[in-house]
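The structure file work_11.pdb is reproduced below (PDB, C-alpha atoms).
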```
ATOM      1  CA  MET A   1      -3.229  12.859 -26.330  1.00  0.00           C
ATOM      2  CA  ARG A   2      -3.114  15.550 -23.649  1.00  0.00           C
ATOM      3  CA  ILE A   3      -0.096  15.419 -21.356  1.00  0.00           C
ATOM      4  CA  VAL A   4       0.865  17.212 -18.142  1.00  0.00           C
ATOM      5  CA  LEU A   5       4.522  17.366 -17.095  1.00  0.00           C
ATOM      6  CA  VAL A   6       5.338  17.291 -13.371  1.00  0.00           C
ATOM      7  CA  ASP A   7       8.997  17.946 -12.585  1.00  0.00           C
ATOM      8  CA  ASP A   8      10.597  20.501 -10.281  1.00  0.00           C
ATOM      9  CA  HIS A   9      13.226  21.444 -12.884  1.00  0.00           C
ATOM     10  CA  ALA A  10      11.966  23.895 -15.497  1.00  0.00           C
ATOM     11  CA  ILE A  11      14.708  22.978 -17.952  1.00  0.00           C
ATOM     12  CA  VAL A  12      13.637  19.320 -17.839  1.00  0.00           C
ATOM     13  CA  ARG A  13      10.003  20.260 -18.463  1.00  0.00           C
ATOM     14  CA  HIS A  14      10.957  22.522 -21.370  1.00  0.00           C
ATOM     15  CA  GLY A  15      13.134  19.799 -22.887  1.00  0.00           C
ATOM     16  CA  LEU A  16      10.364  17.212 -22.587  1.00  0.00           C
ATOM     17  CA  ARG A  17       7.832  19.599 -24.100  1.00  0.00           C
ATOM     18  CA  SER A  18      10.047  20.280 -27.130  1.00  0.00           C
ATOM     19  CA  VAL A  19      10.621  16.559 -27.681  1.00  0.00           C
ATOM     20  CA  LEU A  20       7.027  15.436 -27.207  1.00  0.00           C
ATOM     21  CA  GLU A  21       5.407  18.132 -29.303  1.00  0.00           C
ATOM     22  CA  ARG A  22       7.336  16.943 -32.343  1.00  0.00           C
ATOM     23  CA  GLU A  23       4.813  14.112 -32.358  1.00  0.00           C
ATOM     24  CA  GLU A  24       1.550  15.017 -34.080  1.00  0.00           C
ATOM     25  CA  ASP A  25      -0.615  13.087 -31.620  1.00  0.00           C
ATOM     26  CA  LEU A  26       1.001  14.411 -28.409  1.00  0.00           C
ATOM     27  CA  HIS A  27       0.173  17.775 -26.883  1.00  0.00           C
ATOM     28  CA  VAL A  28       1.531  19.124 -23.594  1.00  0.00           C
ATOM     29  CA  VAL A  29      -1.375  20.971 -21.989  1.00  0.00           C
ATOM     30  CA  GLY A  30       0.219  21.881 -18.666  1.00  0.00           C
ATOM     31  CA  GLU A  31       3.278  21.846 -16.437  1.00  0.00           C
ATOM     32  CA  ALA A  32       3.795  21.756 -12.672  1.00  0.00           C
ATOM     33  CA  ALA A  33       6.807  22.011 -10.400  1.00  0.00           C
ATOM     34  CA  THR A  34       5.125  21.031  -7.121  1.00  0.00           C
ATOM     35  CA  ALA A  35       2.483  18.590  -5.935  1.00  0.00           C
ATOM     36  CA  ALA A  36       0.011  21.385  -5.223  1.00  0.00           C
ATOM     37  CA  GLU A  37       0.487  22.841  -8.698  1.00  0.00           C
ATOM     38  CA  ALA A  38       0.071  19.397 -10.240  1.00  0.00           C
ATOM     39  CA  VAL A  39      -3.277  18.799  -8.540  1.00  0.00           C
ATOM     40  CA  ASP A  40      -4.583  22.136  -9.850  1.00  0.00           C
ATOM     41  CA  VAL A  41      -3.181  21.764 -13.376  1.00  0.00           C
ATOM     42  CA  VAL A  42      -4.530  18.233 -13.814  1.00  0.00           C
ATOM     43  CA  ALA A  43      -7.968  19.323 -12.593  1.00  0.00           C
ATOM     44  CA  ALA A  44      -7.960  22.283 -15.004  1.00  0.00           C
ATOM     45  CA  THR A  45      -6.659  20.541 -18.130  1.00  0.00           C
ATOM     46  CA  GLY A  46      -7.990  16.978 -17.913  1.00  0.00           C
ATOM     47  CA  PRO A  47      -4.961  15.219 -19.413  1.00  0.00           C
ATOM     48  CA  HIS A  48      -4.809  11.631 -20.598  1.00  0.00           C
ATOM     49  CA  VAL A  49      -1.299  11.145 -19.201  1.00  0.00           C
ATOM     50  CA  VAL A  50       0.806  12.708 -16.444  1.00  0.00           C
ATOM     51  CA  LEU A  51       4.584  12.377 -16.716  1.00  0.00           C
ATOM     52  CA  LEU A  52       5.633  12.398 -13.077  1.00  0.00           C
ATOM     53  CA  ASP A  53       9.061  12.738 -11.507  1.00  0.00           C
ATOM     54  CA  LEU A  54       9.243  11.161  -8.052  1.00  0.00           C
ATOM     55  CA  LYS A  55      11.629  13.736  -6.609  1.00  0.00           C
ATOM     56  CA  LEU A  56       9.886  17.045  -6.077  1.00  0.00           C
ATOM     57  CA  SER A  57      10.449  19.797  -3.521  1.00  0.00           C
ATOM     58  CA  THR A  58      10.926  17.618  -0.423  1.00  0.00           C
ATOM     59  CA  GLY A  59      14.273  16.258  -1.586  1.00  0.00           C
ATOM     60  CA  ASP A  60      13.224  12.578  -1.575  1.00  0.00           C
ATOM     61  CA  ASN A  61      10.846  10.414  -3.571  1.00  0.00           C
ATOM     62  CA  THR A  62       7.952  10.292  -1.125  1.00  0.00           C
ATOM     63  CA  GLU A  63       6.147  13.400  -2.336  1.00  0.00           C
ATOM     64  CA  GLY A  64       6.025  12.099  -5.896  1.00  0.00           C
ATOM     65  CA  LEU A  65       4.640   8.758  -4.746  1.00  0.00           C
ATOM     66  CA  HIS A  66       2.033  10.458  -2.586  1.00  0.00           C
ATOM     67  CA  LEU A  67       1.060  12.684  -5.512  1.00  0.00           C
ATOM     68  CA  CYS A  68       0.725   9.653  -7.775  1.00  0.00           C
ATOM     69  CA  GLY A  69      -1.787   8.103  -5.387  1.00  0.00           C
ATOM     70  CA  GLN A  70      -3.620  11.392  -4.968  1.00  0.00           C
ATOM     71  CA  LEU A  71      -3.974  11.995  -8.711  1.00  0.00           C
ATOM     72  CA  THR A  72      -5.128   8.481  -9.546  1.00  0.00           C
ATOM     73  CA  GLU A  73      -7.658   8.599  -6.722  1.00  0.00           C
ATOM     74  CA  LEU A  74      -9.029  11.972  -7.848  1.00  0.00           C
ATOM     75  CA  HIS A  75      -9.015  11.021 -11.546  1.00  0.00           C
ATOM     76  CA  PRO A  76      -9.577   7.251 -11.925  1.00  0.00           C
ATOM     77  CA  GLY A  77      -9.093   7.274 -15.706  1.00  0.00           C
ATOM     78  CA  LEU A  78      -5.804   9.159 -15.570  1.00  0.00           C
ATOM     79  CA  GLY A  79      -2.633   7.439 -16.739  1.00  0.00           C
ATOM     80  CA  VAL A  80       0.422   8.237 -14.619  1.00  0.00           C
ATOM     81  CA  LEU A  81       3.806   7.432 -16.130  1.00  0.00           C
ATOM     82  CA  VAL A  82       6.681   7.816 -13.681  1.00  0.00           C
ATOM     83  CA  LEU A  83       9.739   9.363 -15.347  1.00  0.00           C
ATOM     84  CA  THR A  84      12.569   9.545 -12.851  1.00  0.00           C
ATOM     85  CA  THR A  85      16.269   9.036 -12.191  1.00  0.00           C
ATOM     86  CA  PHE A  86      15.549   6.509  -9.416  1.00  0.00           C
ATOM     87  CA  LEU A  87      15.978   2.881 -10.459  1.00  0.00           C
ATOM     88  CA  ASP A  88      14.785   0.825  -7.499  1.00  0.00           C
ATOM     89  CA  GLY A  89      12.504  -2.173  -7.616  1.00  0.00           C
ATOM     90  CA  GLY A  90      10.786  -1.162  -4.401  1.00  0.00           C
ATOM     91  CA  LEU A  91       9.930   2.236  -5.844  1.00  0.00           C
ATOM     92  CA  VAL A  92       8.561   0.655  -9.014  1.00  0.00           C
ATOM     93  CA  VAL A  93       6.317  -1.637  -6.981  1.00  0.00           C
ATOM     94  CA  GLU A  94       5.191   1.195  -4.689  1.00  0.00           C
ATOM     95  CA  ALA A  95       4.400   3.426  -7.677  1.00  0.00           C
ATOM     96  CA  ILE A  96       2.242   0.683  -9.184  1.00  0.00           C
ATOM     97  CA  HIS A  97       0.483   0.189  -5.847  1.00  0.00           C
ATOM     98  CA  ARG A  98      -0.310   3.905  -5.933  1.00  0.00           C
ATOM     99  CA  GLY A  99      -1.890   3.718  -9.362  1.00  0.00           C
ATOM    100  CA  ALA A 100       0.930   4.396 -11.839  1.00  0.00           C
ATOM    101  CA  ARG A 101       0.608   2.549 -15.134  1.00  0.00           C
ATOM    102  CA  GLY A 102       4.257   2.764 -16.081  1.00  0.00           C
ATOM    103  CA  TYR A 103       7.783   3.529 -14.909  1.00  0.00           C
ATOM    104  CA  VAL A 104      10.762   4.608 -17.010  1.00  0.00           C
ATOM    105  CA  VAL A 105      14.115   6.126 -16.139  1.00  0.00           C
ATOM    106  CA  LYS A 106      15.096   9.511 -17.513  1.00  0.00           C
ATOM    107  CA  ASP A 107      17.865   8.306 -19.798  1.00  0.00           C
ATOM    108  CA  VAL A 108      15.370   6.272 -21.838  1.00  0.00           C
ATOM    109  CA  ASP A 109      15.529   7.116 -25.552  1.00  0.00           C
ATOM    110  CA  THR A 110      12.869   9.332 -27.097  1.00  0.00           C
ATOM    111  CA  THR A 111      11.261   6.575 -29.144  1.00  0.00           C
ATOM    112  CA  GLU A 112      10.752   4.381 -26.085  1.00  0.00           C
ATOM    113  CA  LEU A 113       9.417   7.276 -24.014  1.00  0.00           C
ATOM    114  CA  VAL A 114       6.882   8.216 -26.685  1.00  0.00           C
ATOM    115  CA  GLY A 115       5.860   4.572 -26.976  1.00  0.00           C
ATOM    116  CA  SER A 116       5.378   4.380 -23.201  1.00  0.00           C
ATOM    117  CA  ILE A 117       3.209   7.504 -23.212  1.00  0.00           C
ATOM    118  CA  ARG A 118       1.005   6.093 -25.947  1.00  0.00           C
ATOM    119  CA  ALA A 119       0.710   2.759 -24.135  1.00  0.00           C
ATOM    120  CA  VAL A 120      -0.280   4.431 -20.871  1.00  0.00           C
ATOM    121  CA  ALA A 121      -2.829   6.570 -22.730  1.00  0.00           C
ATOM    122  CA  ARG A 122      -4.358   3.315 -24.025  1.00  0.00           C
ATOM    123  CA  ARG A 123      -4.619   2.167 -20.406  1.00  0.00           C
ATOM    124  CA  GLU A 124      -1.817  -0.333 -20.870  1.00  0.00           C
ATOM    125  CA  SER A 125       1.245  -0.778 -18.652  1.00  0.00           C
ATOM    126  CA  SER A 126       4.701   0.258 -19.779  1.00  0.00           C
ATOM    127  CA  PHE A 127       8.138  -0.208 -18.210  1.00  0.00           C
ATOM    128  CA  ASP A 128      11.600   0.187 -19.646  1.00  0.00           C
ATOM    129  CA  SER A 129      13.693  -2.969 -19.482  1.00  0.00           C
ATOM    130  CA  ARG A 130      15.715  -1.965 -16.408  1.00  0.00           C
ATOM    131  CA  SER A 131      12.675  -0.884 -14.394  1.00  0.00           C
ATOM    132  CA  ALA A 132      10.894  -4.109 -15.273  1.00  0.00           C
ATOM    133  CA  ALA A 133      13.919  -6.176 -14.231  1.00  0.00           C
ATOM    134  CA  ALA A 134      14.243  -4.273 -10.946  1.00  0.00           C
ATOM    135  CA  MET A 135      10.554  -4.808 -10.186  1.00  0.00           C
ATOM    136  CA  VAL A 136      10.755  -8.538 -10.932  1.00  0.00           C
ATOM    137  CA  GLU A 137      13.826  -8.877  -8.717  1.00  0.00           C
ATOM    138  CA  THR A 138      12.031  -7.144  -5.854  1.00  0.00           C
ATOM    139  CA  LEU A 139       8.881  -9.240  -6.245  1.00  0.00           C
ATOM    140  CA  ASN A 140      10.951 -12.422  -6.330  1.00  0.00           C
ATOM    141  CA  SER A 141      13.052 -11.497  -3.296  1.00  0.00           C
ATOM    142  CA  PRO A 142      12.570 -14.005  -0.441  1.00  0.00           C
ATOM    143  CA  SER A 143      10.799 -12.710   2.648  1.00  0.00           C
ATOM    144  CA  SER A 144      13.954 -13.372   4.668  1.00  0.00           C
ATOM    145  CA  ASP A 145      15.659 -10.623   2.636  1.00  0.00           C
ATOM    146  CA  PRO A 146      13.414  -7.575   3.016  1.00  0.00           C
ATOM    147  CA  ARG A 147      15.902  -5.266   1.251  1.00  0.00           C
ATOM    148  CA  LEU A 148      15.299  -2.235   3.425  1.00  0.00           C
ATOM    149  CA  THR A 149      16.730   0.976   2.043  1.00  0.00           C
ATOM    150  CA  GLU A 150      19.339   2.897   4.010  1.00  0.00           C
ATOM    151  CA  ARG A 151      16.732   5.489   5.011  1.00  0.00           C
ATOM    152  CA  GLU A 152      14.341   2.741   6.132  1.00  0.00           C
ATOM    153  CA  LEU A 153      17.072   1.204   8.272  1.00  0.00           C
ATOM    154  CA  ILE A 154      17.678   4.579   9.920  1.00  0.00           C
ATOM    155  CA  VAL A 155      13.962   4.976  10.647  1.00  0.00           C
ATOM    156  CA  LEU A 156      13.810   1.396  11.893  1.00  0.00           C
ATOM    157  CA  ARG A 157      16.541   2.093  14.459  1.00  0.00           C
ATOM    158  CA  GLN A 158      14.530   5.036  15.737  1.00  0.00           C
ATOM    159  CA  LEU A 159      11.455   2.806  16.027  1.00  0.00           C
ATOM    160  CA  ALA A 160      13.535   0.432  18.116  1.00  0.00           C
ATOM    161  CA  HIS A 161      14.181   3.309  20.518  1.00  0.00           C
ATOM    162  CA  GLY A 162      10.441   3.853  20.840  1.00  0.00           C
ATOM    163  CA  LEU A 163      10.313   7.247  19.125  1.00  0.00           C
ATOM    164  CA  SER A 164       7.053   8.535  17.690  1.00  0.00           C
ATOM    165  CA  ASN A 165       6.695   9.536  14.023  1.00  0.00           C
ATOM    166  CA  ARG A 166       6.873  13.199  15.027  1.00  0.00           C
ATOM    167  CA  ASP A 167      10.028  12.652  17.077  1.00  0.00           C
ATOM    168  CA  ILE A 168      11.652  10.650  14.289  1.00  0.00           C
ATOM    169  CA  GLY A 169      10.821  13.388  11.790  1.00  0.00           C
ATOM    170  CA  ALA A 170      12.328  16.049  14.043  1.00  0.00           C
ATOM    171  CA  LYS A 171      15.471  14.007  14.590  1.00  0.00           C
ATOM    172  CA  LEU A 172      15.992  13.185  10.904  1.00  0.00           C
ATOM    173  CA  PHE A 173      14.778  16.563   9.589  1.00  0.00           C
ATOM    174  CA  ILE A 174      11.988  15.042   7.502  1.00  0.00           C
ATOM    175  CA  SER A 175       8.227  15.493   7.633  1.00  0.00           C
ATOM    176  CA  GLU A 176       5.943  13.329   9.734  1.00  0.00           C
ATOM    177  CA  THR A 177       4.229  12.250   6.499  1.00  0.00           C
ATOM    178  CA  THR A 178       7.558  11.027   5.155  1.00  0.00           C
ATOM    179  CA  VAL A 179       8.173   9.079   8.353  1.00  0.00           C
ATOM    180  CA  LYS A 180       4.758   7.427   8.031  1.00  0.00           C
ATOM    181  CA  PHE A 181       5.639   6.438   4.466  1.00  0.00           C
ATOM    182  CA  HIS A 182       8.881   4.797   5.593  1.00  0.00           C
ATOM    183  CA  VAL A 183       7.216   3.052   8.551  1.00  0.00           C
ATOM    184  CA  ARG A 184       4.537   1.624   6.276  1.00  0.00           C
ATOM    185  CA  ASN A 185       7.196   0.312   3.887  1.00  0.00           C
ATOM    186  CA  ILE A 186       9.178  -1.182   6.763  1.00  0.00           C
ATOM    187  CA  MET A 187       6.117  -2.982   8.096  1.00  0.00           C
ATOM    188  CA  ARG A 188       5.197  -4.237   4.620  1.00  0.00           C
ATOM    189  CA  LYS A 189       8.689  -5.554   3.912  1.00  0.00           C
ATOM    190  CA  LEU A 190       8.923  -7.241   7.308  1.00  0.00           C
ATOM    191  CA  THR A 191       5.322  -8.536   7.046  1.00  0.00           C
ATOM    192  CA  ALA A 192       4.593  -6.931  10.399  1.00  0.00           C
ATOM    193  CA  THR A 193       1.214  -5.692  11.606  1.00  0.00           C
ATOM    194  CA  SER A 194       2.547  -3.295  14.239  1.00  0.00           C
ATOM    195  CA  ARG A 195       5.592  -1.194  14.960  1.00  0.00           C
ATOM    196  CA  ALA A 196       6.586  -3.482  17.819  1.00  0.00           C
ATOM    197  CA  GLU A 197       6.327  -6.525  15.584  1.00  0.00           C
ATOM    198  CA  ALA A 198       8.444  -4.771  12.947  1.00  0.00           C
ATOM    199  CA  VAL A 199      11.173  -4.159  15.529  1.00  0.00           C
ATOM    200  CA  TYR A 200      10.942  -7.770  16.698  1.00  0.00           C
ATOM    201  CA  GLU A 201      11.196  -9.154  13.135  1.00  0.00           C
ATOM    202  CA  ALA A 202      14.091  -6.800  12.391  1.00  0.00           C
ATOM    203  CA  SER A 203      15.954  -7.999  15.447  1.00  0.00           C
ATOM    204  CA  LYS A 204      15.556 -11.621  14.341  1.00  0.00           C
ATOM    205  CA  LEU A 205      17.093 -10.693  10.998  1.00  0.00           C
ATOM    206  CA  HIS A 206      19.907  -8.819  12.767  1.00  0.00           C
ATOM    207  CA  LEU A 207      18.929  -5.566  11.074  1.00  0.00           C
ATOM    208  CA  ILE A 208      19.128  -3.683  14.383  1.00  0.00           C
TER
END
```

As a first step, turn the structure in this file into structure tokens.
Amino acid sequence: MRIVLVDDHAIVRHGLRSVLEREEDLHVVGEAATAAEAVDVVAATGPHVVLLDLKLSTGDNTEGLHLCGQLTELHPGLGVLVLTTFLDGGLVVEAIHRGARGYVVKDVDTTELVGSIRAVARRESSFDSRSAAAMVETLNSPSSDPRLTERELIVLRQLAHGLSNRDIGAKLFISETTVKFHVRNIMRKLTATSRAEAVYEASKLHLI
């Protein structure tokens, strides 16, 4: 099975490579530290599985999620396995929506990680127990409890002031793409079809 490692820390990639290549059926064919590198490496090597960290150069998890969607759209047969330090049910659900087949946290033991890689390569889903529990909790959360993240609440307050995505990005020192990601999540969690409706629903829930 051909594997590409996507993580912005070289020492993490090297450690993963040394662990995975102890297995006779696993072969790391490429590494990438950024989203742009990942797109090129995956296109050049044609892996079965991409091990993807969500936190890349932007400092938050949005670039990794965007890359997940980009890779699975460009390569429909590709198996993306998220390997990250973030344990959040909303992130697990969003990663699956963007085409990931599995989600495990970085302190998973080697045997479980290798098993997850093999499962994803077989086009099966794979989650460690904590990620699966977090996802189930999020999916079972009542609509009256949207569980907005702290960053989403900050963006929501800016929406309430009528700021555009560009203005919000400038104020919070994040990219406009990142703002769009947060706005989309806010609208999804509040079951709103517009920014104004999201603000209205948030006010009813006393979130702003």

**Message:** With only C-alpha atoms as the counted atoms, please give the residues lying no more than 9 Å from stretch 100-103 of chain A, apart from itself and same-chain residues fewer than 3 positions off, as a list in words.
**Reply:** Cys68, Gly69, Thr72, Gly79, Val80, Leu81, Val82, Leu83, Thr84, Val92, Glu94, Ala95, Ile96, His97, Ser116, Ile117, Ala119, Val120, Arg123, Glu124, Ser125, Ser126, Phe127, Asp128, Ser131 and Ala132 of chain A

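Going from atom CA of A:Ala35 over to atom CA of A:Ala170, you cover 22.4 Å.
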
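Near A:Leu91, within 9 Å and counting only C-alpha atoms, sit Asn61, Leu65, Phe86, Ile96 and Met135 of chain A, not including residues fewer than 5 positions from it in the same chain.
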
**Message:** For this structure, which residues satisfy the selection - the PyMOL selection byres ((chain A and resi 49) around 6) - when it is evaluated on the file as given? I want them as JSON, numbers by chain.
**Reply:** {"A": [3, 47, 48, 50, 79, 80, 121]}

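Distances to A:Tyr200 were evaluated for A:Ile168, A:Val179, A:Ala160, A:Leu16 using all atoms listed in the file, and the minimum falls at A:Ala160.
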
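Atom CA of A:Leu156 to atom CA of A:Gln70 spans 26.2 Å [interatomic distance, one decimal].
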
**Request:** Using all atoms listed in the file, pick whichever of A:Leu159, A:Ala38, A:Ile174, A:Ser129 has the shortest atom-to-atom distance to A:Glu197.
**Result:** A:Leu159

**Message:** What's around A:Val155 at 12 Å? Count all atoms listed in the file, leave out sequence neighbours fewer than 3 positions away in its own chain, and write the answer as a ChimeraX atom specification.
**Reply:** /A:148-152,158-174,176,178-187,195,198-199,202,207-208

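Compared by their closest atoms to A:Arg22, and using only C-alpha atoms, the residues A:Thr177, A:Arg147, A:Val114, A:Val136 rank with A:Val114 nearest.
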
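Compared by their closest atoms to A:Asp40, and using all atoms listed in the file, the residues A:Leu56, A:Leu74, A:Val28, A:Leu20 rank with A:Leu74 nearest.
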
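The gap separating atom CA of A:Glu23 from atom CA of A:Asp53 is 21.3 Å, in Å to one decimal.
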
Size and centre in Å, one decimal, axis-aligned box, all listed stretch 167-173 of chain A atoms plus 5 Å per side, as AutoDock Vina command-line options:
```
--center_x 13.0 --center_y 13.6 --center_z 13.3 --size_x 16.0 --size_y 15.9 --size_z 17.5
```

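Comparing the minimum interatomic distances between A:Gly64 and each of A:Ser203, A:Ile154, A:Leu52, A:Asp88, counting all atoms listed in the file, we find that A:Leu52 sits nearest.
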
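Here the question is which of A:Val19, A:Val41, A:Val105, A:Leu87 gets nearest to A:Leu71 using all atoms listed in the file, and that residue is A:Val41.
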